[in-house]
$ cat protein-v3.cif   # mmCIF, C-alpha atoms
data_entry
loop_
_atom_site.label_atom_id
_atom_site.label_comp_id
_atom_site.auth_asym_id
_atom_site.auth_seq_id
_atom_site.Cartn_x
_atom_site.Cartn_y
_atom_site.Cartn_z
CA SER A 1 51.86 152.13 74.18
CA VAL A 2 54.82 149.99 75.21
CA GLU A 3 56.28 147.04 73.35
CA THR A 4 59.09 144.89 74.73
CA ALA A 5 61.40 142.57 72.81
CA GLU A 6 63.78 140.23 74.67
CA TYR A 7 67.05 138.79 73.35
CA VAL A 8 68.77 136.17 75.45
CA GLN A 9 72.38 135.16 74.78
CA SER A 10 74.56 132.86 76.84
CA CYS A 11 76.05 135.64 78.96
CA GLU A 12 73.87 138.61 78.17
CA TYR A 13 70.20 139.38 78.51
CA GLN A 14 69.02 142.28 76.35
CA MET A 15 65.62 143.93 76.49
CA VAL A 16 64.54 146.52 73.93
CA ARG A 17 61.54 148.47 75.13
CA THR A 18 59.72 150.70 72.59
CA TYR A 19 57.54 153.57 73.78
CA THR A 20 55.04 154.97 71.29
CA VAL A 21 53.24 158.24 71.93
CA THR A 22 50.12 158.90 69.82
CA ASP A 23 47.99 162.04 69.66
CA GLU A 24 44.24 162.25 69.13
CA CYS A 25 44.70 162.48 65.38
CA GLY A 26 46.57 159.25 65.13
CA ASN A 27 50.01 160.73 64.74
CA SER A 28 52.69 158.90 66.68
CA SER A 29 56.34 158.96 67.57
CA SER A 30 58.40 156.18 69.07
CA ILE A 31 61.52 155.93 71.21
CA THR A 32 63.39 152.84 72.26
CA HIS A 33 65.07 151.99 75.53
CA THR A 34 67.64 149.17 75.55
CA ILE A 35 68.29 147.37 78.81
CA ILE A 36 71.33 145.05 78.89
CA ILE A 37 72.00 142.64 81.72
CA HIS A 38 75.51 141.12 81.88
CA ASP A 39 76.50 138.12 84.01
CA THR A 40 79.56 139.30 85.94
CA ILE A 41 78.97 137.22 89.04
CA ALA A 42 81.51 134.46 89.71
CA PRO A 43 80.56 130.95 90.80
CA VAL A 44 80.35 130.41 94.55
CA ILE A 45 82.39 127.70 96.28
CA SER A 46 81.33 126.88 99.83
CA GLY A 47 83.55 124.67 101.97
CA THR A 48 87.26 123.96 102.30
CA LEU A 49 89.77 121.48 100.95
CA ALA A 50 91.67 119.36 103.47
CA ASP A 51 95.46 119.44 103.48
CA VAL A 52 97.12 116.44 101.84
CA THR A 53 100.20 115.11 103.68
CA VAL A 54 102.36 112.37 102.19
CA VAL A 55 105.80 110.83 102.62
CA CYS A 56 106.67 110.10 98.99
CA VAL A 57 105.94 112.06 95.84
CA GLU A 58 104.34 108.94 94.32
CA GLU A 59 101.67 109.13 97.05
CA MET A 60 100.61 112.68 96.17
CA PRO A 61 97.21 112.50 94.47
CA ALA A 62 96.75 114.11 91.11
CA ALA A 63 94.45 117.08 90.76
CA VAL A 64 90.79 116.25 90.17
CA GLN A 65 89.47 116.99 86.69
CA THR A 66 85.79 117.89 87.07
CA VAL A 67 83.66 120.21 89.18
CA ALA A 68 81.78 117.17 90.49
CA GLU A 69 85.04 115.62 91.70
CA LEU A 70 86.02 118.90 93.35
CA LEU A 71 82.65 119.06 95.09
CA ALA A 72 83.24 115.56 96.48
CA LEU A 73 86.49 116.81 98.08
CA LEU A 74 84.95 119.82 99.77
CA GLN A 75 84.53 119.69 103.52
CA GLY A 76 81.87 121.45 105.55
CA ASP A 77 78.19 121.01 106.32
CA ALA A 78 77.21 123.43 103.55
CA ALA A 79 79.77 122.34 100.94
CA ALA A 80 78.53 123.41 97.51
CA ILE A 81 79.50 124.83 94.14
CA ALA A 82 76.91 126.95 92.35
CA ASP A 83 76.51 129.82 89.88
CA ASN A 84 73.79 132.42 89.52
CA CYS A 85 73.23 131.82 85.78
CA SER A 86 75.13 128.75 84.59
CA ASP A 87 73.85 125.36 85.64
CA PHE A 88 76.16 122.99 87.49
CA ALA A 89 76.80 120.76 84.48
CA SER A 90 78.12 123.69 82.42
CA LEU A 91 80.70 124.78 85.01
CA THR A 92 84.30 123.87 84.14
CA LEU A 93 87.38 123.22 86.26
CA THR A 94 91.07 123.88 85.76
CA SER A 95 93.93 123.43 88.21
CA SER A 96 97.49 124.53 88.77
CA THR A 97 100.03 122.49 90.74
CA PRO A 98 103.61 123.73 91.23
CA ASP A 99 106.63 121.56 90.51
CA PHE A 100 107.76 119.56 93.54
CA THR A 101 111.38 120.60 93.95
CA ALA A 102 111.80 119.65 97.64
CA LEU A 103 110.44 116.38 98.95
CA CYS A 104 111.49 116.11 102.59
CA HIS A 105 109.72 118.77 104.63
CA ALA A 106 107.98 121.12 102.22
CA SER A 107 104.58 122.61 101.49
CA TYR A 108 103.01 123.56 98.16
CA VAL A 109 99.69 125.09 97.15
CA ARG A 110 97.43 123.63 94.46
CA THR A 111 94.86 126.03 92.99
CA TYR A 112 91.52 124.99 91.49
CA THR A 113 89.59 127.44 89.30
CA VAL A 114 85.86 127.04 88.62
CA SER A 115 84.53 128.96 85.60
CA ASP A 116 81.00 129.62 84.41
CA THR A 117 79.99 129.92 80.77
CA CYS A 118 80.53 133.70 80.86
CA GLY A 119 84.15 133.50 81.91
CA ASN A 120 83.60 134.43 85.56
CA THR A 121 85.92 132.48 87.84
CA THR A 122 86.39 131.55 91.48
CA THR A 123 89.42 129.82 92.98
CA ILE A 124 90.02 127.57 95.95
CA THR A 125 93.38 126.30 97.18
CA GLN A 126 94.66 123.11 98.78
CA ASN A 127 97.88 122.63 100.75
CA LEU A 128 100.11 119.76 99.61
CA ILE A 129 102.63 118.75 102.27
CA PHE A 130 105.64 116.44 102.19
CA GLU A 131 106.77 115.06 105.57
CA ASP A 132 109.36 112.30 105.18
CA ASN A 133 110.16 111.11 108.70
CA VAL A 134 110.33 107.47 107.67
CA ALA A 135 113.65 105.61 107.73
CA PRO A 136 114.66 103.30 104.88
CA VAL A 137 113.30 99.79 105.22
CA VAL A 138 115.85 96.97 105.10
CA GLU A 139 114.77 93.35 104.67
CA GLY A 140 117.08 90.38 104.87
CA ALA A 141 120.46 89.94 106.53
CA LEU A 142 124.06 90.02 105.42
CA ALA A 143 125.81 86.66 105.51
CA ASP A 144 128.57 86.15 108.04
CA ILE A 145 132.12 86.21 106.70
CA THR A 146 135.00 84.10 108.00
CA ILE A 147 138.60 85.09 107.39
CA TYR A 148 141.80 83.52 108.71
CA ALA A 149 144.71 84.94 110.59
CA ASP A 150 148.21 84.42 109.24
CA SER A 151 151.10 82.80 111.06
CA SER A 152 151.75 86.05 112.90
CA CYS A 153 148.07 86.30 113.98
CA ASN A 154 147.52 89.25 111.65
CA HIS A 155 144.48 89.59 109.43
CA ILE A 156 143.03 91.90 106.77
CA LEU A 157 139.34 92.68 106.87
CA PRO A 158 137.47 92.37 103.56
CA THR A 159 136.74 95.59 101.71
CA ALA A 160 133.50 97.17 102.84
CA TRP A 161 130.62 97.85 100.48
CA THR A 162 129.96 101.53 99.84
CA THR A 163 126.64 101.80 97.99
CA VAL A 164 123.05 100.69 98.30
CA ALA A 165 123.53 98.75 95.06
CA ASP A 166 126.35 96.78 96.72
CA LEU A 167 124.13 95.84 99.63
CA THR A 168 121.30 94.92 97.29
CA ASN A 169 123.65 92.66 95.34
CA ALA A 170 124.61 91.09 98.66
CA GLY A 171 121.03 90.02 99.22
CA LEU A 172 119.32 92.88 101.04
CA GLU A 173 116.05 94.46 99.95
CA ILE A 174 116.14 98.21 100.61
CA SER A 175 113.25 100.59 99.99
CA ASP A 176 112.77 104.32 100.50
CA CYS A 177 111.33 106.95 98.18
CA ASN A 178 114.18 109.41 98.83
CA LEU A 179 116.99 106.89 99.20
CA ALA A 180 120.59 108.10 99.01
CA SER A 181 122.86 105.98 96.84
CA ASP A 182 125.87 105.85 99.19
CA VAL A 183 126.13 104.18 102.58
CA THR A 184 128.48 104.71 105.49
CA VAL A 185 130.33 101.90 107.25
CA SER A 186 132.00 101.42 110.61
CA ASP A 187 133.86 98.47 112.10
CA ALA A 188 133.56 97.82 115.83
CA ASP A 189 136.56 96.86 117.95
CA MET A 190 137.50 93.21 117.72
CA THR A 191 136.06 91.01 120.45
CA VAL A 192 137.06 87.51 121.54
CA VAL A 193 134.58 84.75 120.82
CA ASP A 194 136.72 81.88 122.05
CA ALA A 195 140.38 80.85 122.18
CA CYS A 196 140.52 80.41 118.41
CA THR A 197 138.02 82.93 117.09
CA ASN A 198 137.67 86.71 117.21
CA LEU A 199 134.78 88.82 115.91
CA VAL A 200 134.45 92.19 114.22
CA VAL A 201 130.93 93.56 113.72
CA ARG A 202 130.68 95.77 110.65
CA THR A 203 127.76 98.23 110.62
CA TYR A 204 126.31 99.79 107.48
CA THR A 205 124.19 102.93 107.77
CA ILE A 206 121.64 103.43 105.00
CA SER A 207 120.19 106.94 104.75
CA ASP A 208 117.72 108.88 102.68
CA SER A 209 118.06 112.46 101.50
CA CYS A 210 115.81 113.63 104.33
CA GLY A 211 118.17 112.55 107.10
CA ASN A 212 116.38 109.34 108.10
CA SER A 213 118.61 106.29 108.50
CA THR A 214 118.62 102.57 109.24
CA THR A 215 121.51 100.30 110.16
CA THR A 216 122.31 96.72 109.32
CA SER A 217 125.28 94.71 110.51
CA GLN A 218 127.53 91.90 109.33
CA ASN A 219 129.64 89.55 111.44
CA ILE A 220 133.24 89.01 110.38
CA PHE A 221 134.86 86.10 112.18
CA ILE A 222 138.65 85.82 112.35
CA GLU A 223 139.85 82.28 112.98
CA ASP A 224 143.25 80.92 113.91
CA THR A 225 143.81 77.68 112.01
CA ILE A 226 147.62 77.72 112.00
CA HIS A 227 149.17 74.79 113.84
CA PRO A 228 151.87 75.52 116.38
CA TRP A 229 155.30 75.56 114.80
CA ARG A 230 158.61 74.74 116.43
CA GLN A 231 162.07 75.20 115.07
CA PRO A 232 163.92 71.88 114.65
CA ILE A 233 166.53 71.14 117.36
CA ALA A 234 169.98 70.70 115.90
CA ASP A 235 171.83 67.42 116.56
CA THR A 236 174.58 67.57 119.12
#
$ encode --input "protein-v3.cif" --output "structure tokens"
Amino acid sequence: SVETAEYVQSCEYQMVRTYTVTDECGNSSSITHTIIIHDTIAPVISGTLADVTVVCVEEMPAAVQTVAELLALLQGDAAAIADNCSDFASLTLTSSTPDFTALCHASYVRTYTVSDTCGNTTTITQNLIFEDNVAPVVEGALADITIYADSSCNHILPTAWTTVADLTNAGLEISDCNLASDVTVSDADMTVVDACTNLVVRTYTISDSCGNSTTTSQNIFIEDTIHPWRQPIADT
């Protein structure tokens, strides 16, 4: 005769089969046969994850936290996540995202790991890409400045601003996720506006750490307000 006992654990199925041999006189001997079935099959992930491309680190989405959320990201007509033994609700998800040390033109790989209740795992990766080709955005305008020539028609231009903070204090709104703190400045050659006024256009270049830049300019007018002067004629 054969008797079978089954023992089911979360990750192991065990069957103990007992064979009993009996002779015509009723004497018997038994032997057991243990059959153990282990779950060593990893979950199956079908589909792919689209690359994520952003300009700023603040735009990079955080890793999803659940298998259901990961499934929603998968692309492909047959996108699915399944396991041979564990039901979908019992599958768990972990992720690993590297530190973002370069933010201009760089690529990183995020890894998702799906585990079943028996510790079998499957991974899928997603490319995270930074492409900052966007120049700083400058809103507003710098006010014109008027200075005056001295009696010898000489003048001294006002000191230029050197930082983004200076320009912000002067009334500009400047935004960029990788903005450099310093600005560069150049003064164009003086041009004649009219008989009493000259003009110097000062240009500020605002850059980010990725090599993108924007310029803004300021007009500096130099006026002659000194009356003609004549030396008195001595009496004769």
$ closest_residue --input "protein-v3.cif" --among "A:Ile220, A:Gln126, A:Asp189, A:Ile41" --to "Pro61 (chain A)" --atoms "all atoms listed in the file"
A:Gln126
$ resolve_selection --input "protein-v3.cif" --expression "the PyMOL selection byres ((chain A and resi 205) around 7)" --output "PDB file with C-alpha atoms, keeping the file's coordinate frame"
ATOM      1  CA  VAL A 183     126.130 104.180 102.580  1.00  0.00           C
ATOM      2  CA  THR A 184     128.480 104.710 105.490  1.00  0.00           C
ATOM      3  CA  VAL A 185     130.330 101.900 107.250  1.00  0.00           C
ATOM      4  CA  THR A 203     127.760  98.230 110.620  1.00  0.00           C
ATOM      5  CA  TYR A 204     126.310  99.790 107.480  1.00  0.00           C
ATOM      6  CA  ILE A 206     121.640 103.430 105.000  1.00  0.00           C
ATOM      7  CA  SER A 207     120.190 106.940 104.750  1.00  0.00           C
ATOM      8  CA  SER A 213     118.610 106.290 108.500  1.00  0.00           C
ATOM      9  CA  THR A 214     118.620 102.570 109.240  1.00  0.00           C
ATOM     10  CA  THR A 215     121.510 100.300 110.160  1.00  0.00           C
ATOM     11  CA  THR A 216     122.310  96.720 109.320  1.00  0.00           C
TER      12      THR A 216
END
$ resolve_selection --input "protein-v3.cif" --expression "the PyMOL selection byres ((chain A and resi 158) around 9)" --output "list in words"
Ile145, Ile147, Ile156, Leu157, Thr159, Ala160 and Ile220 of chain A
$ resolve_selection --input "protein-v3.cif" --expression "the PyMOL selection byres ((chain A and resi 168-173) around 9)" --output "list in words"
Val137, Val138, Glu139, Gly140, Ala141, Leu142, Ala143, Thr163, Val164, Ala165, Asp166, Leu167, Ile174 and Ser175 of chain A
$ atom_distance --input "protein-v3.cif" --atom1 "CA of Tyr112 (chain A)" --atom2 "CA of Asp99 (chain A)"
15.5 Å
$ atom_distance --input "protein-v3.cif" --atom1 "CA of Gln75 (chain A)" --atom2 "CA of Ala50 (chain A)"
7.1 Å
$ closest_residue --input "protein-v3.cif" --among "A:Ser30, A:Ser151, A:Leu179, A:Val64" --to "Thr111 (chain A)" --atoms "all atoms listed in the file"
A:Val64
$ atom_distance --input "protein-v3.cif" --atom1 "CA of Ser28 (chain A)" --atom2 "CA of Gln14 (chain A)"
25.2 Å
$ residues_around --input "protein-v3.cif" --residues "Gly211 (chain A)" --least-positions-apart "6" --cutoff "12 Å" --atoms "only C-alpha atoms" --output "list in words"
Leu103, Cys104, His105, Glu131, Asp132, Asn133, Val134, Ala135, Pro136, Asp176, Asn178, Leu179, Ala180 and Thr205 of chain A
